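Raw model-v9.cif, mmCIF, C-alpha atoms:
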```cif
data_structure
loop_
_atom_site.label_atom_id
_atom_site.label_comp_id
_atom_site.auth_asym_id
_atom_site.auth_seq_id
_atom_site.Cartn_x
_atom_site.Cartn_y
_atom_site.Cartn_z
CA MET G 1 -7.02 -4.07 -2.52
CA SER G 2 -7.94 -6.86 -4.86
CA PRO G 3 -9.29 -6.69 -8.42
CA THR G 4 -12.74 -7.69 -7.19
CA HIS G 5 -12.91 -4.67 -4.90
CA THR G 6 -15.94 -2.45 -5.35
CA PRO G 7 -15.85 1.31 -4.98
CA GLY G 8 -17.16 3.04 -1.91
CA SER G 9 -14.93 1.60 0.79
CA GLY G 10 -12.64 3.98 2.60
CA ARG G 11 -8.95 3.19 2.81
CA LEU G 12 -5.94 5.42 3.38
CA SER G 13 -2.24 5.50 4.22
CA ARG G 14 0.51 8.05 4.86
CA ARG G 15 4.30 8.28 4.80
CA THR G 16 6.65 9.27 7.60
CA LEU G 17 9.43 11.64 6.63
CA LEU G 18 11.96 10.38 9.13
CA LYS G 19 14.13 13.15 10.44
CA ALA G 20 16.49 10.83 12.29
CA THR G 21 20.06 10.34 11.12
CA THR G 22 20.69 7.19 13.11
CA ALA G 23 18.98 3.85 12.85
CA THR G 24 18.01 3.38 16.48
CA ALA G 25 14.50 2.58 17.55
CA GLY G 26 14.61 5.67 19.73
CA ALA G 27 15.48 7.88 16.80
CA ILE G 28 12.69 6.38 14.74
CA ALA G 29 10.21 6.96 17.54
CA THR G 30 11.45 10.52 17.87
CA ALA G 31 11.10 11.07 14.15
CA ALA G 32 7.55 9.77 14.24
CA ALA G 33 6.77 12.14 17.09
CA PHE G 34 8.23 15.06 15.13
CA ALA G 35 6.20 14.09 12.08
CA GLU G 36 3.04 14.15 14.17
CA LEU G 37 3.87 17.68 15.27
CA GLU G 38 4.26 18.96 11.73
CA THR G 39 1.76 21.55 10.61
CA PRO G 40 -0.42 20.63 7.63
CA ALA G 41 1.64 23.06 5.55
CA GLU G 42 4.88 21.30 6.48
CA ALA G 43 3.40 17.90 5.74
CA ALA G 44 2.02 19.12 2.40
CA ALA G 45 5.46 20.33 1.35
CA GLY G 46 6.75 16.74 1.45
CA PHE G 47 3.51 15.13 0.25
CA VAL G 48 4.05 11.81 -1.51
CA LYS G 49 2.22 11.08 -4.76
CA GLY G 50 2.45 7.36 -5.42
CA VAL G 51 1.03 4.44 -7.38
CA ASP G 52 0.76 0.68 -6.97
CA ILE G 53 1.76 -0.75 -10.36
CA SER G 54 2.46 -4.35 -9.37
CA TRP G 55 0.78 -5.62 -12.54
CA ALA G 56 3.18 -3.74 -14.83
CA PRO G 57 5.90 -6.44 -15.26
CA GLN G 58 3.35 -9.10 -16.22
CA MET G 59 1.60 -6.68 -18.55
CA GLU G 60 4.92 -5.90 -20.23
CA ALA G 61 5.69 -9.62 -20.53
CA ARG G 62 2.46 -9.98 -22.49
CA GLY G 63 3.16 -7.15 -24.91
CA TYR G 64 1.42 -4.25 -23.23
CA SER G 65 2.87 -0.76 -23.45
CA TRP G 66 1.69 2.66 -22.39
CA LYS G 67 1.38 5.95 -24.22
CA ASN G 68 1.69 9.38 -22.71
CA ALA G 69 -1.01 12.02 -23.03
CA GLY G 70 0.47 13.11 -26.36
CA GLY G 71 0.10 9.61 -27.81
CA GLN G 72 3.77 8.61 -27.78
CA THR G 73 4.74 5.20 -26.43
CA GLN G 74 6.98 5.77 -23.42
CA ASP G 75 8.32 3.88 -20.41
CA LEU G 76 5.58 3.70 -17.80
CA LEU G 77 7.77 5.08 -15.02
CA THR G 78 8.73 8.06 -17.19
CA ILE G 79 5.08 8.83 -17.88
CA LEU G 80 4.23 8.58 -14.19
CA LYS G 81 7.07 10.88 -13.19
CA GLY G 82 5.57 13.44 -15.56
CA TYR G 83 2.53 13.50 -13.28
CA GLY G 84 4.69 14.10 -10.22
CA ILE G 85 4.70 10.49 -9.02
CA THR G 86 7.61 9.93 -6.64
CA ALA G 87 6.85 6.55 -5.05
CA VAL G 88 5.73 3.06 -6.10
CA ARG G 89 3.98 0.46 -3.96
CA LEU G 90 4.60 -3.22 -4.78
CA ARG G 91 2.79 -6.21 -3.30
CA THR G 92 4.47 -9.53 -2.64
CA PHE G 93 2.86 -12.96 -2.33
CA VAL G 94 4.48 -15.89 -0.47
CA ASN G 95 4.23 -18.78 -2.98
CA PRO G 96 2.27 -17.31 -5.88
CA SER G 97 0.90 -19.07 -8.93
CA SER G 98 1.89 -18.16 -12.49
CA ASP G 99 -1.48 -16.53 -13.14
CA PRO G 100 -0.66 -13.19 -14.82
CA ALA G 101 -3.14 -11.06 -12.88
CA ASN G 102 -3.61 -13.02 -9.65
CA GLY G 103 -0.17 -14.55 -9.12
CA HIS G 104 3.48 -13.63 -9.64
CA CYS G 105 4.80 -10.86 -7.33
CA SER G 106 7.30 -13.25 -5.73
CA ILE G 107 9.98 -11.39 -3.78
CA ASN G 108 12.56 -11.97 -6.53
CA GLU G 109 10.23 -10.49 -9.14
CA VAL G 110 9.48 -7.57 -6.85
CA ALA G 111 13.18 -6.89 -6.27
CA ALA G 112 13.88 -6.95 -10.03
CA PHE G 113 11.13 -4.40 -10.71
CA ALA G 114 12.20 -2.34 -7.69
CA LYS G 115 15.62 -1.87 -9.29
CA ARG G 116 13.96 -0.09 -12.21
CA ILE G 117 11.91 2.02 -9.84
CA LYS G 118 14.97 3.04 -7.83
CA ALA G 119 16.89 3.83 -11.03
CA ALA G 120 14.02 6.15 -11.97
CA GLY G 121 14.59 8.03 -8.71
CA MET G 122 11.43 6.84 -6.98
CA SER G 123 10.86 5.47 -3.48
CA ILE G 124 9.42 2.02 -2.76
CA MET G 125 6.64 0.77 -0.51
CA LEU G 126 6.57 -3.01 0.03
CA ASP G 127 3.14 -4.51 0.71
CA TYR G 128 3.27 -7.93 2.41
CA MET G 129 0.07 -9.83 1.58
CA PHE G 130 1.03 -12.77 3.85
CA GLY G 131 -0.77 -15.09 1.43
CA ASP G 132 -0.19 -16.83 -1.90
CA THR G 133 -2.70 -14.52 -3.60
CA TRP G 134 -4.97 -11.61 -2.65
CA ASN G 135 -5.68 -10.77 0.95
CA SER G 136 -7.95 -7.79 1.54
CA VAL G 137 -10.52 -6.43 3.95
CA GLY G 138 -12.80 -9.47 3.71
CA VAL G 139 -10.17 -12.18 3.11
CA GLN G 140 -7.11 -13.00 5.20
CA ASN G 141 -5.98 -16.50 4.28
CA PRO G 142 -2.50 -17.70 5.25
CA PRO G 143 -0.20 -19.11 2.56
CA ALA G 144 -0.89 -22.77 1.84
CA ALA G 145 2.40 -23.81 3.44
CA TRP G 146 1.29 -22.25 6.75
CA LYS G 147 -2.35 -23.35 6.69
CA ASN G 148 -2.08 -26.17 9.21
CA MET G 149 0.41 -24.51 11.52
CA GLY G 150 -0.29 -23.69 15.12
CA TYR G 151 0.64 -20.30 16.56
CA SER G 152 4.21 -21.12 17.59
CA GLN G 153 5.01 -22.68 14.22
CA MET G 154 3.47 -19.76 12.37
CA LEU G 155 5.45 -17.31 14.48
CA THR G 156 8.66 -18.99 13.35
CA ALA G 157 7.47 -19.11 9.74
CA MET G 158 6.58 -15.41 9.83
CA SER G 159 9.96 -14.39 11.25
CA THR G 160 11.86 -16.51 8.74
CA TYR G 161 9.81 -15.33 5.77
CA VAL G 162 10.06 -11.61 6.54
CA ASN G 163 13.77 -11.82 7.30
CA GLN G 164 14.50 -13.74 4.09
CA THR G 165 12.42 -11.48 1.86
CA MET G 166 13.75 -8.26 3.37
CA THR G 167 17.25 -9.69 2.89
CA VAL G 168 16.47 -10.21 -0.81
CA MET G 169 15.49 -6.54 -1.05
CA LYS G 170 18.66 -5.52 0.78
CA SER G 171 20.93 -7.66 -1.39
CA ASN G 172 19.41 -6.01 -4.47
CA ASP G 173 19.96 -2.57 -2.91
CA VAL G 174 16.25 -1.75 -3.02
CA LEU G 175 15.27 -1.47 0.64
CA PRO G 176 11.78 0.03 0.87
CA ALA G 177 11.04 3.37 2.47
CA TRP G 178 7.78 1.92 3.82
CA VAL G 179 6.77 -1.67 4.61
CA GLN G 180 3.15 -2.70 5.10
CA ILE G 181 2.96 -5.75 7.35
CA GLY G 182 -0.30 -7.07 5.98
CA ASN G 183 -2.90 -5.75 3.56
CA GLU G 184 -6.21 -4.33 4.83
CA ILE G 185 -5.92 -6.31 8.02
CA ASN G 186 -9.12 -5.11 9.75
CA SER G 187 -9.93 -8.73 10.70
CA GLY G 188 -6.36 -9.76 11.44
CA ILE G 189 -3.79 -11.78 9.47
CA CYS G 190 -3.38 -15.47 8.64
CA ARG G 191 -6.80 -16.27 10.03
CA PRO G 192 -7.90 -17.95 12.14
CA VAL G 193 -4.58 -18.06 14.02
CA GLY G 194 -3.98 -14.32 13.76
CA SER G 195 -7.58 -13.14 13.86
CA VAL G 196 -8.41 -9.79 15.46
CA SER G 197 -10.61 -11.81 17.84
CA ASN G 198 -7.38 -13.31 19.18
CA PRO G 199 -5.38 -10.10 19.63
CA ALA G 200 -2.47 -11.70 21.51
CA GLN G 201 -1.66 -14.03 18.60
CA MET G 202 -2.41 -11.42 15.93
CA THR G 203 -0.09 -8.99 17.67
CA GLY G 204 2.58 -11.64 18.15
CA LEU G 205 2.65 -12.38 14.42
CA LEU G 206 2.68 -8.71 13.41
CA ASN G 207 5.36 -7.86 15.98
CA ALA G 208 7.49 -10.71 14.61
CA ALA G 209 7.16 -9.15 11.16
CA TYR G 210 7.94 -5.68 12.53
CA THR G 211 11.04 -6.96 14.33
CA GLN G 212 12.43 -8.68 11.25
CA VAL G 213 11.80 -5.66 8.98
CA LYS G 214 13.75 -3.50 11.42
CA ALA G 215 16.50 -6.12 11.81
CA VAL G 216 17.26 -5.90 8.09
CA SER G 217 16.24 -2.30 7.41
CA PRO G 218 16.13 -0.12 10.54
CA ASN G 219 15.12 2.97 8.58
CA SER G 220 12.08 1.47 6.86
CA THR G 221 8.79 2.88 8.16
CA VAL G 222 6.61 -0.07 9.19
CA CYS G 223 2.93 0.46 8.46
CA ILE G 224 -0.34 -1.04 9.65
CA HIS G 225 -2.85 -0.99 6.78
CA LEU G 226 -6.60 -0.96 7.34
CA ALA G 227 -9.50 -0.47 4.94
CA GLN G 228 -12.67 1.59 5.16
CA PRO G 229 -11.72 4.27 7.70
CA GLN G 230 -15.27 5.61 7.48
CA LYS G 231 -16.13 2.65 9.74
CA TYR G 232 -14.67 4.26 12.82
CA ASP G 233 -15.73 1.50 15.22
CA VAL G 234 -13.90 -1.11 13.14
CA MET G 235 -10.75 1.05 13.16
CA THR G 236 -10.86 1.56 16.91
CA THR G 237 -11.54 -2.14 17.55
CA PHE G 238 -8.39 -3.11 15.69
CA PHE G 239 -6.07 -0.41 17.00
CA SER G 240 -7.26 -0.59 20.61
CA ARG G 241 -6.68 -4.34 20.72
CA TYR G 242 -3.37 -4.12 18.88
CA ALA G 243 -2.04 -1.32 21.07
CA ALA G 244 -3.22 -3.00 24.27
CA ALA G 245 -1.39 -6.18 23.28
CA GLY G 246 1.86 -4.28 22.71
CA GLY G 247 1.62 -3.92 18.95
CA LYS G 248 4.45 -2.13 17.19
CA TRP G 249 4.08 0.16 14.19
CA ASP G 250 5.44 3.44 12.88
CA MET G 251 2.63 4.67 10.65
CA SER G 252 -1.06 4.04 10.03
CA VAL G 253 -2.07 3.68 6.38
CA PHE G 254 -5.52 3.34 4.89
CA SER G 255 -7.43 2.36 1.75
CA SER G 256 -10.29 4.56 0.59
CA TYR G 257 -12.23 4.55 -2.66
CA GLY G 258 -14.90 7.04 -1.66
CA SER G 259 -16.29 9.84 -3.82
CA ALA G 260 -15.20 13.48 -3.76
CA ASP G 261 -17.96 14.59 -1.39
CA LEU G 262 -17.01 11.90 1.13
CA ALA G 263 -13.27 12.55 1.05
CA PRO G 264 -13.05 15.30 3.71
CA GLY G 265 -14.96 13.26 6.30
CA ILE G 266 -13.09 10.04 5.56
CA VAL G 267 -9.71 11.76 5.79
CA ALA G 268 -10.73 13.45 9.04
CA ASN G 269 -11.45 9.98 10.42
CA MET G 270 -8.01 8.80 9.34
CA GLN G 271 -6.41 11.74 11.08
CA LYS G 272 -8.42 11.17 14.26
CA ILE G 273 -7.62 7.45 14.33
CA SER G 274 -3.92 8.04 13.76
CA ALA G 275 -3.64 10.91 16.24
CA ALA G 276 -5.18 8.75 18.96
CA TYR G 277 -2.05 6.58 18.83
CA GLY G 278 0.48 9.29 17.98
CA LYS G 279 1.21 7.96 14.49
CA PRO G 280 1.57 9.74 11.16
CA PHE G 281 -0.67 8.52 8.34
CA LEU G 282 -1.16 8.34 4.60
CA GLN G 283 -3.57 6.87 2.06
CA SER G 284 -1.96 3.79 0.53
CA GLU G 285 -4.84 3.04 -1.85
CA PHE G 286 -7.22 5.13 -3.92
CA GLY G 287 -9.13 4.40 -7.10
CA GLY G 288 -12.30 5.12 -9.02
CA ARG G 289 -14.22 4.11 -12.11
CA VAL G 290 -12.16 4.63 -15.27
CA ASP G 291 -15.39 4.98 -17.28
CA ARG G 292 -16.31 7.91 -15.03
CA ALA G 293 -12.93 9.56 -15.37
CA SER G 294 -13.99 13.12 -14.59
CA ALA G 295 -15.66 12.07 -11.32
CA THR G 296 -12.66 9.95 -10.35
CA GLN G 297 -10.32 12.86 -11.14
CA ALA G 298 -12.42 15.09 -8.87
CA SER G 299 -12.26 12.48 -6.11
CA LEU G 300 -8.47 12.24 -6.38
CA VAL G 301 -8.16 16.02 -6.10
CA ALA G 302 -10.52 16.03 -3.11
CA TYR G 303 -8.53 13.36 -1.28
CA ILE G 304 -5.19 15.07 -1.91
CA LYS G 305 -6.53 18.39 -0.66
CA ALA G 306 -8.09 16.79 2.41
CA LEU G 307 -4.95 14.81 3.18
CA LYS G 308 -2.76 17.88 2.94
CA ALA G 309 -5.16 19.87 5.13
CA ASN G 310 -5.14 17.15 7.81
CA GLY G 311 -1.40 16.42 7.81
CA GLY G 312 -1.64 13.25 5.72
CA GLN G 313 1.70 12.40 4.16
CA GLY G 314 0.67 11.00 0.78
CA VAL G 315 -1.67 9.08 -1.51
CA PHE G 316 -1.13 5.99 -3.70
CA TYR G 317 -3.35 5.15 -6.68
CA TRP G 318 -4.03 1.42 -6.96
CA GLU G 319 -3.07 -0.07 -10.37
CA PRO G 320 -3.67 3.00 -12.58
CA GLU G 321 -1.82 1.28 -15.46
CA GLY G 322 -4.26 -1.65 -15.62
CA MET G 323 -5.92 -2.13 -18.99
CA SER G 324 -8.33 -4.56 -20.62
CA PRO G 325 -8.08 -7.37 -21.60
CA PHE G 326 -5.19 -8.02 -19.20
CA THR G 327 -7.63 -7.35 -16.37
CA GLY G 328 -11.32 -6.68 -16.06
CA TYR G 329 -10.64 -4.34 -13.15
CA ASN G 330 -12.40 -1.09 -14.05
CA MET G 331 -10.75 1.32 -11.65
CA GLY G 332 -7.46 1.99 -13.40
CA ALA G 333 -6.56 5.34 -14.94
CA TRP G 334 -5.55 4.39 -18.51
CA ASP G 335 -7.79 4.13 -21.56
CA SER G 336 -7.67 0.53 -22.82
CA SER G 337 -8.50 1.51 -26.40
CA THR G 338 -6.00 4.35 -26.88
CA ARG G 339 -3.48 3.21 -24.22
CA ARG G 340 -3.24 6.84 -23.14
CA PRO G 341 -3.77 8.11 -19.59
CA THR G 342 -7.24 9.41 -18.85
CA VAL G 343 -7.94 12.77 -17.21
CA ILE G 344 -7.83 10.95 -13.87
CA MET G 345 -4.04 11.26 -13.84
CA ASN G 346 -4.33 15.05 -14.11
CA GLY G 347 -5.68 14.99 -10.58
CA PHE G 348 -2.11 14.48 -9.34
CA THR G 349 -1.05 17.81 -10.85
CA GLN G 350 -4.14 19.77 -9.83
CA ALA G 351 -3.98 19.45 -6.06
#
```

Representation of the structure as structure tokens:
Amino acid sequence: MSPTHTPGSGRLSRRTLLKATTATAGAIATAAAFAELETPAEAAAGFVKGVDISWAPQMEARGYSWKNAGGQTQDLLTILKGYGITAVRLRTFVNPSSDPANGHCSINEVAAFAKRIKAAGMSIMLDYMFGDTWNSVGVQNPPAAWKNMGYSQMLTAMSTYVNQTMTVMKSNDVLPAWVQIGNEINSGICRPVGSVSNPAQMTGLLNAAYTQVKAVSPNSTVCIHLAQPQKYDVMTTFFSRYAAAGGKWDMSVFSSYGSADLAPGIVANMQKISAAYGKPFLQSEFGGRVDRASATQASLVAYIKALKANGGQGVFYWEPEGMSPFTGYNMGAWDSSTRRPTVIMNGFTQA
């Protein structure tokens, strides 16, 4: 996701409830297999309700605060927990600028915020952008420091970067439950070197990231994140090439911003795509127009119901805390004038 994203694309992701007690690759694979065999009812019982609130620290630094539905100013995490939110997704950029809305999110900033999230009793998803600013379905630019690297150099840079950043998370005692290696990577990562049209190099870079995540945090569920699962041919192009090249991943996660009537079909596609490769899934991004709050609330309910019915393991709302004038993004879930949550957030408690 990026703030310029327009509604109507389909993207989803899902969490693996690892049943393994040891940190071996075999145990993780076994756990993933068990998760895939869960009935929808079993998956629904452990369904994750999450949010991506990566903007929150910079909003707080500029004097923003949030009110609960009753109009009282309260810590954002406390308000979110009141809606049943149990997990937070945080993006990280490689060498970000100091731009409040389009920069920050360095790994040290992420780790500091993650401490608050862990203290609140919530799980963490780490979203590697593999860029200095937004990468999304239509944009996959490498960080400036990697721009002129060939494949072998970039492979080393990727391994070093992921190991170092995961080590920062470990040293702060905030290892993530899930790690996305790339954000909406339909067309690959760090293009053109890691383009989907060069699956061997794309897979090499992603496998390097996978290996280093597991080296530091064997129990983290490593996710491949694609956008627009309604475009089934795009999904199969990526996954067939990635799997054929020996790609490693534990879970498939998706972004989707579709309307309520489209949710069942889009989620069915996610399930079909994921089942083809024996992976659990969840929806790592959802959002809708804040000025059409009732419709967005209905869409959230529709997605949660469809995900539970198809064995999806969770849903994450993208930047619900965003408010004007910090950002012009119009798909948050808070009212900028009252600083109270809109009815959109009630969707979490109604499905």

Q. Counting all atoms listed in the file, which of G:Ala309, G:Met345, G:Val222, G:Met154 gets nearest to G:Pro192?
A.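 Nearest to G:Pro192: G:Met154.
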
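Pairwise distance (atom CA of G:Gln230, atom CA of G:Val267) equals 8.5 Å.
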
For stretch 265-277 of chain G, what centre and edge lengths in Å (one decimal) does the axis-aligned box get once 3 Å is added on each side of all its listed atoms, as AutoDock Vina command-line options?
```
--center_x -8.5 --center_y 10.0 --center_z 12.3 --size_x 18.9 --size_y 12.9 --size_z 19.4
```

Q | Selection under test: the PyMOL selection byres ((chain G and resi 91) around 7); residues as a PyMOL selection string | A | chain G and resi 54+89-90+92-93+105+126-129

Cut-off 12 Å: closest stretch 178-220 of chain G/stretch 254-262 of chain G atom pairs per residue, using only C-alpha atoms, as a Markdown table:
```
| residue | atom | partner | partner_atom | distance |
| --- | --- | --- | --- | --- |
| G:Gln180 | CA | G:Phe254 | CA | 10.6 |
| G:Gly182 | CA | G:Phe254 | CA | 11.7 |
| G:Asn183 | CA | G:Ser255 | CA | 9.5 |
| G:Glu184 | CA | G:Ser255 | CA | 7.5 |
| G:Ile185 | CA | G:Phe254 | CA | 10.2 |
| G:Asn186 | CA | G:Phe254 | CA | 10.4 |
```

Residues near G:Ala245, anyone? I mean within 10 Å using all atoms listed in the file, not counting same-chain ones fewer than 2 positions away, as a CSV table (one decimal) with C-alpha atoms, in the coordinates of the input.
```
chain,number,residue,atom,x,y,z
G,199,PRO,CA,-5.4,-10.1,19.6
G,200,ALA,CA,-2.5,-11.7,21.5
G,201,GLN,CA,-1.7,-14.0,18.6
G,202,MET,CA,-2.4,-11.4,15.9
G,203,THR,CA,-0.1,-9.0,17.7
G,204,GLY,CA,2.6,-11.6,18.2
G,239,PHE,CA,-6.1,-0.4,17.0
G,240,SER,CA,-7.3,-0.6,20.6
G,241,ARG,CA,-6.7,-4.3,20.7
G,242,TYR,CA,-3.4,-4.1,18.9
G,243,ALA,CA,-2.0,-1.3,21.1
G,247,GLY,CA,1.6,-3.9,19.0
G,248,LYS,CA,4.4,-2.1,17.2
```

(Q) Show me, as a count of residues only, the residues that have an atom within 8 Å of G:Ala157 when counting all atoms listed in the file, minus same-chain residues fewer than 4 positions from it. (A) 3

Take the PyMOL selection byres ((chain G and resi 60) around 12), apply it to the structure above, and return the hits as an mmCIF file with C-alpha atoms, keeping the file's coordinate frame.
```
data_model
loop_
_atom_site.group_PDB
_atom_site.id
_atom_site.type_symbol
_atom_site.label_atom_id
_atom_site.label_comp_id
_atom_site.auth_asym_id
_atom_site.auth_seq_id
_atom_site.Cartn_x
_atom_site.Cartn_y
_atom_site.Cartn_z
ATOM 1 C CA ILE G 53 1.760 -0.750 -10.360
ATOM 2 C CA SER G 54 2.460 -4.350 -9.370
ATOM 3 C CA TRP G 55 0.780 -5.620 -12.540
ATOM 4 C CA ALA G 56 3.180 -3.740 -14.830
ATOM 5 C CA PRO G 57 5.900 -6.440 -15.260
ATOM 6 C CA GLN G 58 3.350 -9.100 -16.220
ATOM 7 C CA MET G 59 1.600 -6.680 -18.550
ATOM 8 C CA ALA G 61 5.690 -9.620 -20.530
ATOM 9 C CA ARG G 62 2.460 -9.980 -22.490
ATOM 10 C CA GLY G 63 3.160 -7.150 -24.910
ATOM 11 C CA TYR G 64 1.420 -4.250 -23.230
ATOM 12 C CA SER G 65 2.870 -0.760 -23.450
ATOM 13 C CA TRP G 66 1.690 2.660 -22.390
ATOM 14 C CA ASP G 75 8.320 3.880 -20.410
ATOM 15 C CA LEU G 76 5.580 3.700 -17.800
ATOM 16 C CA PRO G 100 -0.660 -13.190 -14.820
ATOM 17 C CA PHE G 113 11.130 -4.400 -10.710
ATOM 18 C CA GLU G 321 -1.820 1.280 -15.460
ATOM 19 C CA GLY G 322 -4.260 -1.650 -15.620
ATOM 20 C CA MET G 323 -5.920 -2.130 -18.990
ATOM 21 C CA PHE G 326 -5.190 -8.020 -19.200
#
```

Q.
Would you compute the distance between atom CA of G:Ala351 and atom CA of G:Ala275? Give it in Å to one decimal.
A. 23.9 Å
